[in-house]
Amino acid sequence: MSYTTNGALTQQETILILDFGSQYTQLIARRIREQNVYCEIHPYTLTLPQIKAIRPRGIILSGGPASVYEMGASTVDPKLFELGVPILGICYGMQLMAALLGGGKVHPAVEREYGHAVLQVISGTNPLFEGLASNFSAWMSHGDRIEVPPTDFQIIAKTENAPVAAMADAGRAFYGLQFHPEVEHTQDADRILANFAQKICGCDNTWTMRAFVARATAQIQEQVGNARVLCAVSGGIDSMVLATLLHRAIGDALVSVFVDNGLLRKNEAAEVVETCKQIGIPLIAVDVVTPFLNGLAGVTDPEKKRKVIGAQFIEAFKEAVADMGHNFRFLAQGTLYPDVIESVSVKGPSATIKTHHNVGGLPSDMPFELLEPFRELFKDEVRAVGAELNVPADVLGRHPFPGPGLAVRVLGEVTRERLAVLRAADAIFISEIKAAGLYNDIWQALVVLLPVRSVGVMGDARTYENVVALRAVTSSDAMTADWARIPADVLARISNRIINEVQGINRVVYDISSKPPSTIEWE
């Protein structure tokens, strides 16, 4: 069940995405949700009875790295195509349809297609392409291609190197796309997925963050019952919106704890306490700087840092409430979908990128059950939830900050001295991009203290000091990102201030890597 925009119960309309391991699968979900249509991602191994239980209005088969003609290639039960619901195959998903539905032929392409390609629409009456130009730019990423479409399918688009760039069996509402409509590089990509979800599957626009707030509030109340909940508040968008939602749902059964672990940005601890007062969230603040830094002494491996921090957080929460005389059953966290996807392959065969301390870094024997209402949301959706809950705009507009804090921006060993250097440089960077009016145009900006030193000269004297890297990216969902084009004069001013004002730094570099192949954070 779901809720309408007014909070009334209605039948859930769901688009089911079966994941074959594409790096873009989560983007498909986000694009569908942008059309105010609910969707879920599940592994391609989902059984037919499980699929029927979801009662999807439509099914999308994602892309993937395999070839359909390889031994042991990922596949689905052919009876999936007998459910009587529209199906859209994207890249590998399209090739799988060709392999399973009879008559189709998939072979390695003589000339592979990666990047932009001009798509020529052959059938202008197809509902999938309604409202699109007869020729448009599409993003390709494939080494195989369909030479012959399956029986009863028509070719509805082609490119120079792909004779079957899109195909359709309109009678059964089956469609296939060799290109990726979910990425921003495809022209009018949102319209293609909107046509599938709304015109072909007949979904209404009922998935909104107002509906989510109503549904999440009811689910929290049902799950928590008469128990008490600890909420980890960091001052970031996710935890502040989470605490606001929980306070609305369960009131005094919520105890919010802010842990000052010494890994925060300049003046951040005081700012978090003040912000919680403004919002009206009761808060317990604890100072555990010493045990956190002691636990990190000598640790240089990024994954071990996360494990240490996760364990220290649990100990801090236990100590914070030890004298309150209450048993807390739940620990609430602002875990988001990208955190889960990058940490563990829980929804499909996608590769693990890194462990987030609040996903894979928590100890297995912790005395709390996790409560994570935002686990399936993207960052922009959390911001929209916050707006529905009247969380202040300056909180919602803050750049994301990693759960492990500055520990994963100090590459190598974390010490008080190195944290102080990084903290000062970071404050200058943020203040300057705000002064230049760039802060709101950047998704995330940060400084990384590198584990190297470089030769320099100051006041006619030789120096041998630290190097920091500036990192600023633009993005809409953190699944992909591009480096921000900060003007050269702004970068020069930032570099000059950092080198002159922060003792111990004599070189500043700017990271111009995109995601992928790089991640936003360095560790």
# chains A, B, ... in the order shown; residues from 1 in each chain; ligands from 1
$ select_by_dssp --residues "stretch 165-329 of chain A" --states "alpha helix (DSSP H)" --output "ChimeraX atom specification"
/A:189-194,209-224,237-250,268-279,289-296,302-320
$ residues_around --residues "stretch 195-209 of chain A" --least-positions-apart "2" --cutoff "8 Å" --atoms "only C-alpha atoms" --output "ChimeraX atom specification"
/A:3-5,13,15,32-33,35-38,57-58,85-86,88,127-130,173,191-193,211-213,381,384-385,388
$ write_last_selection --atoms "N, CA and C atoms" --output "JSON list (two decimals), in the first residue's frame"
[["chain", "number", "residue", "atom", "x", "y", "z"],
["A", 3, "TYR", "N", 0.44, 5.95, -0.15],
["A", 3, "TYR", "CA", -0.41, 7.06, 0.23],
["A", 3, "TYR", "C", -0.51, 8.05, -0.91],
["A", 4, "THR", "N", -1.66, 8.69, -1.03],
["A", 4, "THR", "CA", -1.81, 9.77, -1.98],
["A", 4, "THR", "C", -1.12, 11.00, -1.42],
["A", 5, "THR", "N", -1.10, 12.09, -2.20],
["A", 5, "THR", "CA", -0.45, 13.32, -1.73],
["A", 5, "THR", "C", -1.15, 13.89, -0.51],
["A", 13, "GLU", "N", 1.33, 1.67, -6.83],
["A", 13, "GLU", "CA", 1.70, 1.45, -8.22],
["A", 13, "GLU", "C", 3.22, 1.36, -8.28],
["A", 15, "ILE", "N", 6.81, 0.20, -10.35],
["A", 15, "ILE", "CA", 7.64, -0.27, -11.46],
["A", 15, "ILE", "C", 8.76, -1.10, -10.84],
["A", 32, "ILE", "N", 12.76, 7.27, -12.70],
["A", 32, "ILE", "CA", 11.35, 6.89, -12.59],
["A", 32, "ILE", "C", 10.69, 7.65, -11.45],
["A", 33, "ARG", "N", 11.38, 7.77, -10.34],
["A", 33, "ARG", "CA", 10.81, 8.48, -9.20],
["A", 33, "ARG", "C", 10.63, 9.97, -9.49],
["A", 35, "GLN", "N", 9.42, 11.08, -11.97],
["A", 35, "GLN", "CA", 8.10, 11.18, -12.61],
["A", 35, "GLN", "C", 6.98, 10.96, -11.59],
["A", 36, "ASN", "N", 7.35, 10.94, -10.30],
["A", 36, "ASN", "CA", 6.40, 10.70, -9.21],
["A", 36, "ASN", "C", 5.75, 9.32, -9.32],
["A", 37, "VAL", "N", 6.56, 8.36, -9.76],
["A", 37, "VAL", "CA", 6.13, 6.97, -9.85],
["A", 37, "VAL", "C", 7.05, 6.14, -8.96],
["A", 38, "TYR", "N", 6.47, 5.31, -8.11],
["A", 38, "TYR", "CA", 7.28, 4.50, -7.19],
["A", 38, "TYR", "C", 7.92, 3.34, -7.95],
["A", 57, "ARG", "N", 3.28, -2.76, -12.06],
["A", 57, "ARG", "CA", 2.56, -2.23, -13.22],
["A", 57, "ARG", "C", 3.43, -2.33, -14.47],
["A", 58, "GLY", "N", 4.74, -2.43, -14.26],
["A", 58, "GLY", "CA", 5.67, -2.59, -15.37],
["A", 58, "GLY", "C", 6.98, -3.10, -14.85],
["A", 85, "VAL", "N", 2.27, -7.76, -18.19],
["A", 85, "VAL", "CA", 2.62, -6.38, -17.84],
["A", 85, "VAL", "C", 3.66, -5.87, -18.84],
["A", 86, "PRO", "N", 3.72, -4.56, -19.07],
["A", 86, "PRO", "CA", 4.73, -4.00, -19.96],
["A", 86, "PRO", "C", 6.14, -4.27, -19.46],
["A", 88, "LEU", "N", 10.32, -3.27, -20.29],
["A", 88, "LEU", "CA", 11.32, -2.48, -21.00],
["A", 88, "LEU", "C", 12.70, -3.05, -20.71],
["A", 127, "PRO", "N", 4.59, 4.82, -28.78],
["A", 127, "PRO", "CA", 4.35, 5.62, -27.57],
["A", 127, "PRO", "C", 5.61, 5.84, -26.73],
["A", 128, "LEU", "N", 6.61, 4.97, -26.85],
["A", 128, "LEU", "CA", 7.83, 5.13, -26.07],
["A", 128, "LEU", "C", 8.58, 6.40, -26.47],
["A", 129, "PHE", "N", 8.51, 6.75, -27.75],
["A", 129, "PHE", "CA", 9.22, 7.92, -28.26],
["A", 129, "PHE", "C", 8.31, 9.11, -28.49],
["A", 130, "GLU", "N", 7.12, 9.07, -27.95],
["A", 130, "GLU", "CA", 6.17, 10.17, -28.15],
["A", 130, "GLU", "C", 6.75, 11.48, -27.63],
["A", 173, "ALA", "N", 3.24, -4.83, -25.36],
["A", 173, "ALA", "CA", 3.87, -3.73, -24.63],
["A", 173, "ALA", "C", 5.27, -4.11, -24.16],
["A", 191, "ARG", "N", 11.90, 11.96, -20.72],
["A", 191, "ARG", "CA", 10.63, 11.79, -21.42],
["A", 191, "ARG", "C", 10.42, 10.33, -21.81],
["A", 192, "ILE", "N", 11.50, 9.64, -22.19],
["A", 192, "ILE", "CA", 11.38, 8.23, -22.59],
["A", 192, "ILE", "C", 10.87, 7.39, -21.42],
["A", 193, "LEU", "N", 11.49, 7.54, -20.25],
["A", 193, "LEU", "CA", 11.08, 6.76, -19.09],
["A", 193, "LEU", "C", 9.71, 7.20, -18.58],
["A", 211, "ALA", "N", 3.74, 12.10, 0.27],
["A", 211, "ALA", "CA", 3.22, 10.74, 0.46],
["A", 211, "ALA", "C", 4.22, 9.90, 1.25],
["A", 212, "PHE", "N", 5.52, 10.09, 0.96],
["A", 212, "PHE", "CA", 6.54, 9.33, 1.69],
["A", 212, "PHE", "C", 6.51, 9.65, 3.17],
["A", 213, "VAL", "N", 6.38, 10.93, 3.52],
["A", 213, "VAL", "CA", 6.34, 11.32, 4.93],
["A", 213, "VAL", "C", 5.18, 10.63, 5.64],
["A", 381, "GLU", "N", 15.86, 13.41, -2.66],
["A", 381, "GLU", "CA", 14.58, 13.05, -2.07],
["A", 381, "GLU", "C", 14.55, 13.38, -0.58],
["A", 384, "ALA", "N", 13.86, 16.94, -0.22],
["A", 384, "ALA", "CA", 12.43, 17.20, -0.43],
["A", 384, "ALA", "C", 11.62, 16.80, 0.80],
["A", 385, "VAL", "N", 11.99, 15.72, 1.46],
["A", 385, "VAL", "CA", 11.34, 15.33, 2.72],
["A", 385, "VAL", "C", 11.54, 16.43, 3.76],
["A", 388, "GLU", "N", 9.25, 19.27, 3.23],
["A", 388, "GLU", "CA", 7.90, 18.93, 3.69],
["A", 388, "GLU", "C", 7.78, 19.08, 5.20]]
$ residues_around --residues "A:Phe328" --least-positions-apart "3" --cutoff "7 Å" --atoms "only C-alpha atoms" --output "number ranges by chain"
A: 227-230
$ residues_around --residues "A:Ser22" --least-positions-apart "2" --cutoff "8 Å" --atoms "only C-alpha atoms" --output "list in words"
Asp19, Phe20, Tyr24, Thr25, Ser62, Gly63, Gly64, Pro65 and Ser350 of chain A
$ residues_around --residues "A:Val76" --least-positions-apart "3" --cutoff "9 Å" --atoms "only C-alpha atoms" --output "PyMOL selection string"
chain A and resi 44-48+79-80+96+100
$ write_last_selection --atoms "C-alpha atoms" --output "PDB file, in the first residue's frame"
ATOM      1  CA  TYR A  44      17.441 -10.455 -11.427  1.00  0.00           C
ATOM      2  CA  THR A  45      17.278 -13.686  -9.378  1.00  0.00           C
ATOM      3  CA  LEU A  46      13.913 -12.669  -7.910  1.00  0.00           C
ATOM      4  CA  THR A  47      11.567 -15.621  -8.356  1.00  0.00           C
ATOM      5  CA  LEU A  48       8.368 -15.471 -10.351  1.00  0.00           C
ATOM      6  CA  LYS A  79       7.501 -17.008 -17.899  1.00  0.00           C
ATOM      7  CA  LEU A  80       8.207 -13.432 -16.819  1.00  0.00           C
ATOM      8  CA  LEU A  96      18.188 -10.790 -23.021  1.00  0.00           C
ATOM      9  CA  LEU A 100      14.608 -15.424 -24.706  1.00  0.00           C
TER      10      LEU A 100
END
